[in-house]
$ cat data_31.tsv   # TSV, C-alpha atoms and all ligand atoms
chain	number	residue	atom	x	y	z
A	1	MET	CA	25.88	22.08	48.14
A	2	LEU	CA	28.26	19.17	48.67
A	3	SER	CA	31.63	19.35	50.44
A	4	ALA	CA	34.08	16.62	51.44
A	5	PRO	CA	37.77	15.78	51.36
A	6	SER	CA	38.99	15.10	47.84
A	7	GLY	CA	38.45	11.48	46.81
A	8	THR	CA	35.39	10.90	49.04
A	9	GLY	CA	33.08	10.74	46.04
A	10	LYS	CA	31.40	14.15	45.64
A	11	SER	CA	31.74	14.24	41.86
A	12	SER	CA	30.43	10.67	41.56
A	13	ILE	CA	27.40	11.53	43.71
A	14	ILE	CA	26.68	14.76	41.82
A	15	LYS	CA	26.96	13.01	38.45
A	16	LYS	CA	24.26	10.53	39.51
A	17	LEU	CA	22.03	13.20	41.07
A	18	LEU	CA	22.06	15.12	37.77
A	19	GLU	CA	20.42	12.09	36.12
A	20	TYR	CA	17.18	12.65	38.09
A	21	PRO	CA	15.05	15.21	36.22
A	22	GLU	CA	12.64	15.47	39.17
A	23	LEU	CA	15.41	17.08	41.26
A	24	ASN	CA	15.75	19.82	38.61
A	25	LEU	CA	19.43	20.36	39.41
A	26	GLY	CA	21.89	22.50	37.50
A	27	PHE	CA	25.59	22.07	38.25
A	28	SER	CA	27.55	25.20	39.02
A	29	VAL	CA	30.73	24.80	36.94
A	30	SER	CA	33.54	26.31	39.02
A	31	ALA	CA	36.67	27.95	37.68
A	32	THR	CA	40.04	26.49	38.69
A	33	SER	CA	43.71	27.14	38.07
A	34	ARG	CA	44.55	23.42	38.11
A	35	ALA	CA	45.07	21.36	34.95
A	36	PRO	CA	42.32	19.03	33.65
A	37	ARG	CA	42.41	15.47	35.08
A	38	GLY	CA	41.68	12.39	32.99
A	39	THR	CA	38.75	13.03	30.65
A	40	GLU	CA	37.75	16.37	32.20
A	41	GLN	CA	36.65	19.03	29.73
A	42	HIS	CA	36.68	22.81	29.85
A	43	GLY	CA	33.16	24.05	30.63
A	44	VAL	CA	31.93	20.63	31.84
A	45	GLU	CA	33.68	19.75	35.12
A	46	TYR	CA	35.42	23.13	35.44
A	47	TYR	CA	36.46	26.20	33.54
A	48	PHE	CA	40.21	25.60	33.42
A	49	ILE	CA	41.97	28.96	33.46
A	50	SER	CA	45.53	30.13	34.19
A	51	HIS	CA	46.55	31.38	37.61
A	52	GLU	CA	46.89	34.89	36.17
A	53	GLU	CA	43.41	34.87	34.68
A	54	PHE	CA	42.02	33.52	37.95
A	55	LYS	CA	43.59	36.36	39.94
A	56	ARG	CA	42.43	38.95	37.39
A	57	ARG	CA	38.84	37.70	37.55
A	58	ALA	CA	38.96	37.52	41.35
A	59	ASP	CA	40.18	41.13	41.48
A	60	ALA	CA	37.38	42.11	39.07
A	61	GLY	CA	34.84	40.69	41.57
A	62	GLU	CA	33.62	37.93	39.24
A	63	PHE	CA	33.36	35.29	41.99
A	64	VAL	CA	30.68	34.66	44.62
A	65	GLU	CA	33.47	32.99	46.58
A	66	TRP	CA	36.91	31.60	45.86
A	67	GLU	CA	39.60	29.77	47.82
A	68	GLU	CA	43.20	28.72	47.38
A	69	VAL	CA	42.17	25.15	48.27
A	70	TYR	CA	45.69	23.73	47.83
A	71	PRO	CA	48.85	25.87	47.83
A	72	GLY	CA	49.02	27.56	44.43
A	73	THR	CA	45.69	26.09	43.23
A	74	CYS	CA	42.55	28.21	43.32
A	75	TYR	CA	38.90	27.29	42.84
A	76	GLY	CA	35.91	29.60	42.74
A	77	THR	CA	32.19	29.92	42.06
A	78	LEU	CA	31.54	32.43	39.29
A	79	LYS	CA	28.64	34.86	39.70
A	80	SER	CA	27.86	34.19	36.01
A	81	GLU	CA	27.36	30.46	36.79
A	82	VAL	CA	24.92	31.13	39.63
A	83	GLN	CA	23.06	33.44	37.22
A	84	ARG	CA	23.09	30.91	34.36
A	85	VAL	CA	21.69	28.05	36.46
A	86	THR	CA	19.13	30.32	38.14
A	87	ASP	CA	18.02	31.70	34.75
A	88	GLU	CA	17.43	28.12	33.59
A	89	GLY	CA	15.00	27.79	36.54
A	90	LYS	CA	17.12	25.08	38.12
A	91	ASN	CA	18.29	24.33	41.65
A	92	LEU	CA	21.97	25.03	41.94
A	93	ILE	CA	24.23	22.16	42.98
A	94	MET	CA	27.80	22.99	43.96
A	95	ASP	CA	30.89	20.89	44.60
A	96	ILE	CA	32.90	23.13	46.84
A	97	ASP	CA	35.63	22.89	49.50
A	98	VAL	CA	34.75	23.08	53.21
A	99	LYS	CA	35.64	26.74	53.70
A	100	GLY	CA	33.78	27.73	50.53
A	101	GLY	CA	30.79	25.69	51.73
A	102	ILE	CA	30.65	27.58	55.01
A	103	ASN	CA	30.98	30.93	53.16
A	104	VAL	CA	28.21	30.08	50.73
A	105	LYS	CA	25.95	29.16	53.66
A	106	LYS	CA	26.62	32.60	55.14
A	107	CYS	CA	25.71	34.13	51.76
A	108	PHE	CA	22.60	32.09	50.92
A	109	GLY	CA	21.37	31.20	54.45
A	110	GLU	CA	18.24	29.09	54.59
A	111	GLN	CA	18.13	28.94	50.78
A	112	ALA	CA	21.14	26.58	50.82
A	113	ILE	CA	21.50	23.07	52.22
A	114	THR	CA	25.08	22.18	53.06
A	115	ILE	CA	25.79	18.46	52.82
A	116	PHE	CA	29.08	17.04	54.06
A	117	ILE	CA	30.08	13.74	52.46
A	118	LEU	CA	32.18	11.54	54.74
A	119	PRO	CA	34.48	8.72	53.62
A	120	PRO	CA	33.88	5.40	55.44
A	121	SER	CA	37.50	5.60	56.75
A	122	LYS	CA	40.82	7.32	56.06
A	123	GLU	CA	42.16	4.06	54.58
A	124	GLU	CA	39.27	3.89	52.11
A	125	LEU	CA	39.77	7.55	51.22
A	126	GLU	CA	43.40	6.82	50.35
A	127	ARG	CA	42.35	3.78	48.32
A	128	ARG	CA	39.85	5.89	46.34
A	129	LEU	CA	42.35	8.66	45.66
A	130	ARG	CA	44.87	6.13	44.37
A	131	GLY	CA	42.20	4.09	42.59
A	132	ARG	CA	41.06	7.15	40.64
A	133	GLY	CA	44.44	6.85	38.92
A	134	THR	CA	44.50	10.46	37.72
A	135	ASP	CA	46.71	12.18	40.28
A	136	ALA	CA	50.48	12.20	40.80
A	137	GLU	CA	51.79	10.93	44.13
A	138	ASP	CA	52.56	14.44	45.46
A	139	VAL	CA	49.02	15.56	44.60
A	140	ILE	CA	47.55	12.53	46.43
A	141	LYS	CA	49.74	13.29	49.46
A	142	LYS	CA	48.62	16.95	49.55
A	143	ARG	CA	44.99	15.83	49.46
A	144	LEU	CA	45.41	13.22	52.19
A	145	ASP	CA	47.31	15.68	54.36
A	146	LYS	CA	44.40	18.10	54.15
A	147	ALA	CA	41.69	15.52	54.82
A	148	ASP	CA	41.82	15.62	58.67
A	149	PHE	CA	41.56	19.40	58.64
A	150	GLU	CA	38.59	19.21	56.26
A	151	LEU	CA	36.86	16.48	58.28
A	152	SER	CA	37.02	18.70	61.36
A	153	PHE	CA	34.45	21.00	59.68
A	154	ALA	CA	31.83	18.27	59.23
A	155	SER	CA	29.77	19.32	62.26
A	156	GLN	CA	29.29	22.83	60.82
A	157	PHE	CA	27.28	21.47	57.88
A	158	ASP	CA	23.48	21.05	57.83
A	159	VAL	CA	23.72	17.27	57.25
A	160	ARG	CA	26.33	14.54	56.94
A	161	VAL	CA	26.17	11.50	54.67
A	162	VAL	CA	28.70	8.64	54.67
A	163	ASN	CA	29.60	7.53	51.14
A	164	ASP	CA	30.08	3.81	51.84
A	165	ASP	CA	27.97	2.40	49.04
A	166	LEU	CA	27.59	4.91	46.18
A	167	ASP	CA	23.95	4.13	45.31
A	168	ARG	CA	22.95	4.25	48.96
A	169	ALA	CA	24.70	7.61	49.45
A	170	VAL	CA	23.00	9.00	46.32
A	171	GLU	CA	19.58	7.89	47.64
A	172	LYS	CA	20.25	9.59	50.98
A	173	VAL	CA	21.30	12.88	49.36
A	174	LYS	CA	18.32	12.69	46.99
A	175	LYS	CA	15.96	12.31	49.95
A	176	ILE	CA	17.57	15.27	51.73
A	177	ILE	CA	17.10	17.46	48.62
A	178	ILE	CA	13.47	16.37	48.11
A	179	GLU	CA	12.57	16.98	51.74
A	180	ALA	CA	14.27	20.41	51.89
B	201	LIG	P1	35.69	13.66	44.79
B	201	LIG	O1	34.85	14.33	43.78
B	201	LIG	O2	35.13	13.79	46.19
B	201	LIG	O3	37.14	14.07	44.76
B	201	LIG	P2	35.33	11.25	43.14
B	201	LIG	O4	33.87	11.29	42.87
B	201	LIG	O5	36.28	11.64	42.06
B	201	LIG	O6	35.68	12.09	44.48
B	201	LIG	O7	35.66	9.77	43.66
B	201	LIG	C1	37.01	9.33	43.94
B	201	LIG	C2	37.17	7.88	43.50
B	201	LIG	O8	36.40	7.04	44.36
B	201	LIG	C3	36.67	7.61	42.08
B	201	LIG	O9	37.54	6.69	41.45
B	201	LIG	C4	35.27	7.02	42.28
B	201	LIG	O10	34.92	6.15	41.23
B	201	LIG	C5	35.44	6.25	43.60
B	201	LIG	N1	34.21	6.17	44.43
B	201	LIG	C6	33.28	7.13	44.65
B	201	LIG	N2	32.31	6.67	45.48
B	201	LIG	C7	32.64	5.40	45.81
B	201	LIG	C8	32.05	4.40	46.66
B	201	LIG	N3	30.91	4.60	47.32
B	201	LIG	N4	32.68	3.21	46.76
B	201	LIG	C9	33.85	2.97	46.10
B	201	LIG	N5	34.45	3.87	45.28
B	201	LIG	C10	33.87	5.07	45.14
B	202	LIG	P1	39.29	18.66	42.68
B	202	LIG	O1	40.63	19.19	42.27
B	202	LIG	O2	39.39	17.29	43.34
B	202	LIG	O3	38.29	18.68	41.57
B	202	LIG	O4	38.71	19.61	43.79
B	202	LIG	C1	39.48	19.96	44.90
B	202	LIG	C2	38.66	20.71	45.91
B	202	LIG	O5	38.22	21.97	45.40
B	202	LIG	C3	37.40	19.97	46.36
B	202	LIG	O6	37.32	20.07	47.77
B	202	LIG	C4	36.30	20.75	45.68
B	202	LIG	O7	35.09	20.65	46.39
B	202	LIG	C5	36.86	22.16	45.75
B	202	LIG	N1	36.18	23.10	44.84
B	202	LIG	C6	35.73	22.86	43.58
B	202	LIG	N2	35.12	23.95	43.09
B	202	LIG	C7	35.18	24.89	44.06
B	202	LIG	C8	34.71	26.25	44.16
B	202	LIG	O8	34.10	26.81	43.25
B	202	LIG	N3	34.96	26.91	45.31
B	202	LIG	C9	35.63	26.34	46.36
B	202	LIG	N4	35.80	27.07	47.45
B	202	LIG	N5	36.07	25.07	46.29
B	202	LIG	C10	35.86	24.37	45.17
$ encode --input "data_31.tsv" --output "C-alpha cells"
Amino acid sequence: MLSAPSGTGKSSIIKKLLEYPELNLGFSVSATSRAPRGTEQHGVEYYFISHEEFKRRADAGEFVEWEEVYPGTCYGTLKSEVQRVTDEGKNLIMDIDVKGGINVKKCFGEQAITIFILPPSKEELERRLRGRGTDAEDVIKKRLDKADFELSFASQFDVRVVNDDLDRAVEKVKKIIIEA
C-alpha cells in the first residue's frame, strides 16, 4: 500500500508498477466524493459518487476503511474491491491517505506492506501539484497545507522511498514488493 502527500507521485508509481505482470498486482479502486480530474474515468481511477451516496454506503458498512481526507471530501476502500482483486488471485495495491494507511496496517498486519512515498522537497511537491495542471488554486493550497501533517506520519510506515527520479522510485518499490 502506498501513501504520500498529494502530488508526490503515488498514482504515477502505481501506474508503472501495474505494467509488470510478474508483480501480479491488482489496483483497489477507491470510492470518492470528489469530482473526476483531467482524464479520470469512473471505475478506473476511482468510483466517483455523490457525498450522499458515500455517506449511505459508509453507514451500510460497505467500506474496509474511509476518511474525510480533505474537508468535505471523502475517500474509502470498498470491501467489494478487496474481494474482487483477491478473487482474481492478485496482490492488492492501494493508494490511500496516511491515516487510512495506518488503519489498513492494523487490519491486515503482516499481510500488508506500507510504503510511504516522500517528495524530494516541499518546493518540488508544490511544482508537481501545479505542473499536474488539473487542480484549482484553492485545491492546491489545501493539499500543500496538509502535506507537513502527512509527512509527520512517514516514520510509522514499514518503508520510505523518495520519489526523486520516477523510474528509480518505481524500481525501489518493485524490489520492496518482490522481497516481501
Ligand atoms: P499523487 O498520486 O501522489 O497525487 P501524481 O502521480 O498525480 O501524484 O503526480 C503529481 C505530478 O507529478 C504529475 O504531474 C506527475 O506527472 C509528476 N511526477 C510524478 N513523479 C515525478 C518525478 N519523479 N519527477 C517529476 N515529476 C513527477
Ligand atoms: P487524490 O484526490 O489526489 O486522488 O487523492 C487524495 C488523497 O486521498 C490521497 O492521499 C490518496 O492517497 C487518498 N485516498 C485515495 N483513495 C483512498 C481510500 O480509499 N482511502 C483513504 N483513506 N484515502 C484514500
$ atom_distance --input "data_31.tsv" --atom1 "CA of Asp164 (chain A)" --atom2 "CA of Ile93 (chain A)"
21.2 Å
$ residues_near_ligand --input "data_31.tsv" --ligand "ligand LIG 201 (chain B)" --cutoff "7 Å" --atoms "all atoms listed in the file" --output "list in words"
Ala4, Pro5, Ser6, Gly7, Thr8, Gly9, Lys10, Ser11, Ser12, Ile13, Arg128, Leu129, Gly131, Arg132, Asn163, Asp164, Asp165 and Leu166 of chain A
$ residues_near_ligand --input "data_31.tsv" --ligand "ligand LIG 202 (chain B)" --cutoff "10 Å" --atoms "only C-alpha atoms and all ligand atoms" --output "ChimeraX atom specification"
/A:1-11,28-37,40,45-47,63-70,73-78,94-104,129,135,139-140,143,146-147,150
$ closest_residue --input "data_31.tsv" --among "A:Glu81, A:Glu171, A:Glu126, A:Glu179" --to "Ile113 (chain A)" --atoms "all atoms listed in the file"
A:Glu179
$ axis_aligned_box --input "data_31.tsv" --around "region 105-121 of chain A" --padding-each-side "6 Å" --output "AutoDock Vina command-line options"
--center_x 27.8 --center_y 19.8 --center_z 53.8 --size_x 31.4 --size_y 40.7 --size_z 18.0
$ atom_distance --input "data_31.tsv" --atom1 "CA of Leu23 (chain A)" --atom2 "CA of Ser80 (chain A)"
21.8 Å
$ atom_distance --input "data_31.tsv" --atom1 "CA of Glu22 (chain A)" --atom2 "CA of Ala180 (chain A)"
13.7 Å
$ residues_around --input "data_31.tsv" --residues "Val173 (chain A)" --least-positions-apart "4" --cutoff "9 Å" --atoms "only C-alpha atoms" --output "JSON, numbers by chain"
{"A": [13, 17, 115, 161, 168, 169, 177, 178]}
$ closest_residue --input "data_31.tsv" --among "A:Val170, A:Val162, A:Leu144, A:Ile176" --to "Glu19 (chain A)" --atoms "only C-alpha atoms"
A:Val170
$ closest_residue --input "data_31.tsv" --among "A:Arg130, A:Ala112, A:Arg57, A:Lys142" --to "Pro71 (chain A)" --atoms "only C-alpha atoms"
A:Lys142
$ closest_residue --input "data_31.tsv" --among "A:Lys16, A:Arg84, A:Arg56, A:Arg160" --to "Pro120 (chain A)" --atoms "all atoms listed in the file"
A:Arg160
$ residues_around --input "data_31.tsv" --residues "Leu92 (chain A)" --least-positions-apart "6" --cutoff "7 Å" --atoms "all atoms listed in the file" --output "ChimeraX atom specification"
/A:25-28,85
